[in-house]
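Visitor: First, the structure itself, so that you have it in front of you.
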Amino acid sequence: MHGVRLIPRNLVGSFVERRAGQIQDPIARLRYLQSNLGSITGRPVLHPAKSWGVKRFGMLGAALLLGFSLIPRYQASSGIKAPVVPQPVGHAAVTAPAEVVPDTIANVWLVDQTPDFETYSNGLRIDDRYVKPNEKRISYAVYQRGAIEAGQSDFARQPEFRSEPAGIVYHTTESDQARFTPDQNSRLKRIGKAVIEVVQQNRSYHFLIDRFGQVFRIVPETDVANHAGYSVWADGKIVYVNLNSSFLGIAFETQTQLGDIPSANPAQVHAARILTEMLRAKYHFPQSNCVTHAQVSVNPGNMLVGYHTDWAGNFPFHDIGLSDNYTVPPPSIYAFGFGYDPTFVHATGVRLWQGLALAEDQITTQAASRGIPVSRYRAILQKQYKEVLAALKAAATASDNRHET
Amino acid sequence: MRHNDKVNNSAVGLDVGTSRICLAQRVGEEFQYETQLNAFVAIPFSKMTESVLKKEKVPHTVTGPDIVVHGNESDRFADVLNVETRRTMDKGVLNPAEPESLAMLRKIVESLVDPVKDRQKLCFTVPAAPLGAEDNLTYHEATLRRTLSDLGYEVKSINEGLAVIYSELESSNYTGIGISCGGGLCNVCVAYLSVPVFSFSIPKAGDYIDTSAAAVTGERANRVRIVKEDSFHFNGFFADKLQQVLGVYYDEMIQSLVQGMKQAFASSRNLPKSNRPLPIVLSGGTALPQGFRDRFEKALAETDLPIAADDIRVAADPLHASAKGALVAALADA
């Protein structure tokens, strides 16, 4: 079973409901409810062409909702849990949850620092005893999203360069799991130690959260970690390709669980929350750049997304203080024409399915606006990706040569 | 799809069920339906048989040594030949054990839905993921989407339970619980102001009753289905063993449905916090027997559901409710 959590009944919802009840024609009533759900849920609706009147009504609704969010008894204070897509399309629409969390950045600061530990004002304690330096993050290439979406043929040769990390990719270690009970303490610790050694040796992530919720720094944030390989993500302005350099990797010591079974225990979720808070405070990452490995992983060999499927379906975005990014269309699909197969969809939850469906819709719309078939448009996008990849490889080779000389 | 000058050509609804496929379209203010059995039967090829089928306008396809009769007529042929019909779908999705499933499903769909050139909206039903199991509907949905897109439609899908809500719960502003008791699955959806809150399916439905009753009585499942649809009802005593057996398995199915709802509601954090009871609508061929609603209501009353429900009723037109809901969704989107 999958689901969404509805916001409590509120005045705006009641108003829409009452007004809907006055519409005689069932089709018009359904259309009205669907096009005004933004005012009930506080979320924009994905419904075509609203009239100005409807838009204005939606704005009024949003304003009212904001007002009500300040009233203590209104239970949306921890984020409005609202159905997001009223469109009756497929299971994505049927079960899409929306976890809207205000994109604010907490004030978190370093309190104490020793050679072995760092302590932060939000209770975060980072164990630095296992840090292994890796290649320095000197700069990495990014691409303007507008250039890609406009299909500018030479955009691949026009990257911009950044040096600060841009976001977080969450992983699972997929390592052996002992039962999480007191009698398994020694086994849990032994496995945890082994995991640290492996990820340290491979410089796999920047941070590791073990089964007890302890946070270990593995690779310094100033360095690149080998966590995301072939991967794609985009925020409002920028497209990131191969995120090892641009994103920080946080791994949970756990194995992926399918369905609604949580893959992380409460201690790990808490640790991830305060670690995310600290990193967002330090680097000002937008929520939209805090994503899971499954969302960003791609396979250029077969041009399919989801080469890795860790956190494909049940990442606790809300519990970590983030909006549900599963519902965001993966840029690998709409910007670079990647596809997906049933194996990936099987590994995902329906929340990510919604993002996939939206990305497909986006491709269809973009193809239509260019007056070309979807297959041809997808081929153009894939060519675009290959150009980017080639440019990145050329840049890496040039960089290597510079270092060697 | 039969063309009609008065048909509202802006949208079409299609209920793709395990046992039947139903097309809905609007003619003026009325909804019009056309249904085909989602089954087929292969009979040995002979020129004479083929010419008779052509003459009688029985939908069929010649495939090598066989003539495959599909749709409504397959039932009659299976009965005459004393064989089971073959099914393109099982438990709500394409039948993985049937090599001809896709080809035959296309044929049956094409016998209902005419190709169009103007990207008319078409909304078709899909099941929800089974309770407690992973969603494995991708292939099924993608295949149908492709088949229907190839016919020239702008295609969308809708959860079957939600379609029931769109068909029947206009009076509550599309808030309530829609239950479609079909052949392969019972689909349940809870919606609030037209927004699906959650949905699930359980795999005990009409086919389960048929095969279980067939196993006990030694009848063919197809025969059991015909008897069930023609004459079974809940209230009263049965001298006929098949009717008795059907009653037993019907009760078991209803219990599974109610227990499934209890489990789903109890484990959901997503129930709407409504201050009034939710109406429930039952639909689908398996909800047709007289007394079904009462049995369901009794089972529900004996179960402590974490959500208040009332106004339990059978859809005005149970066999067509899902198709109508799909059409309503398509029209709302047109």
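Letters A, B, ... go to the chains of the structure tokens in the order shown; residues in each chain start at 1; ligands are counted from 1 in the same order.
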Could you pull the residues within 8 Å of Tyr283 (chain A), counting only C-alpha atoms, minus those fewer than 4 positions along the same chain, as a PyMOL selection string?
Guide: chain A and resi 164-166+279
Visitor: So that I can see what lies close to Val314 (chain B), please list as a list in words the residues with an atom at most 7 Å from it, counting only C-alpha atoms and leaving out residues fewer than 4 positions away in the same chain.
Guide: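 Within the cut-off, the hits are Val281, Leu282, Ser283, Arg293 and Pro318 of chain B.
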Visitor: Among region 150-267 of chain B, which residues does DSSP mark as strand (DSSP E or B) when it is run on the backbone? Keep the chain and numbering as in the structure and answer as a list in words.
Guide: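 Of region 150-267 of chain B, only Glu154, Val155, Lys156, Ser157, Ile158, Asn159, Gly176, Ile177, Gly178, Ile179, Ser180, Cys181, Cys186, Asn187, Val188, Cys189, Val190, Ala191, Tyr192, Val195, Pro196, Val197, Phe198, Ser199, Phe200, Ser201 and Ile202 of chain B fall in strand (DSSP E or B).
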Visitor: Excluding region 117-119 of chain B and any residue of its chain fewer than 2 positions from it, enumerate the residues within 12 Å of it, using only C-alpha atoms, and give them as a list in words.
Guide: Asn9, Ser10, Ala11, Val12, Asp114, Pro115, Lys121, Leu122, Leu148, Ser149, Asp150, Leu151, Gly152, Tyr153, Glu154, Val155, Lys156 and Ala334 of chain B
Visitor: What's the 8 Å shell around Val142 (chain A), counting only C-alpha atoms, without same-chain residues fewer than 2 positions away, as a ChimeraX atom specification?
Guide: /A:140,144,159-162,238-241
Visitor: Could those residues be written to a file, using N, CA and C atoms, as a short mmCIF file (atom, residue, chain, number, x, y, z; two decimals), in the first residue's frame?
Guide:
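Saved result, selection.cif, follows:
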data_model
loop_
_atom_site.label_atom_id
_atom_site.label_comp_id
_atom_site.auth_asym_id
_atom_site.auth_seq_id
_atom_site.Cartn_x
_atom_site.Cartn_y
_atom_site.Cartn_z
N TYR A 140 35.10 21.78 -10.70
CA TYR A 140 34.32 20.81 -11.48
C TYR A 140 33.42 21.58 -12.44
N GLN A 144 24.72 25.19 -17.58
CA GLN A 144 23.50 25.97 -17.37
C GLN A 144 22.31 25.14 -17.86
N PRO A 159 31.13 24.78 -20.47
CA PRO A 159 30.83 24.55 -19.05
C PRO A 159 31.28 25.73 -18.20
N GLU A 160 30.69 25.80 -17.04
CA GLU A 160 31.19 26.73 -16.03
C GLU A 160 31.91 25.90 -14.98
N PHE A 161 32.72 26.55 -14.18
CA PHE A 161 33.48 25.77 -13.20
C PHE A 161 33.18 26.25 -11.79
N ARG A 162 33.00 25.29 -10.89
CA ARG A 162 32.73 25.57 -9.48
C ARG A 162 33.73 24.81 -8.63
N ILE A 238 21.33 24.85 -12.61
CA ILE A 238 22.56 24.16 -13.01
C ILE A 238 22.32 22.67 -13.20
N VAL A 239 22.99 22.11 -14.22
CA VAL A 239 22.99 20.66 -14.41
C VAL A 239 24.36 20.14 -13.99
N TYR A 240 24.34 19.12 -13.15
CA TYR A 240 25.58 18.51 -12.65
C TYR A 240 25.72 17.14 -13.29
N VAL A 241 26.89 16.85 -13.80
CA VAL A 241 27.13 15.54 -14.41
C VAL A 241 28.31 14.89 -13.69
#
Visitor: Could you work out which residues of chain B fall inside 6 Å of chain A? Count only C-alpha atoms, and format the result as a list in words.
Guide: Leu131, Lys156, Ser157, Ile158, Val195, Pro196, Val197, Phe198, Phe200, Asn270, Pro272 and Ala332 of chain B
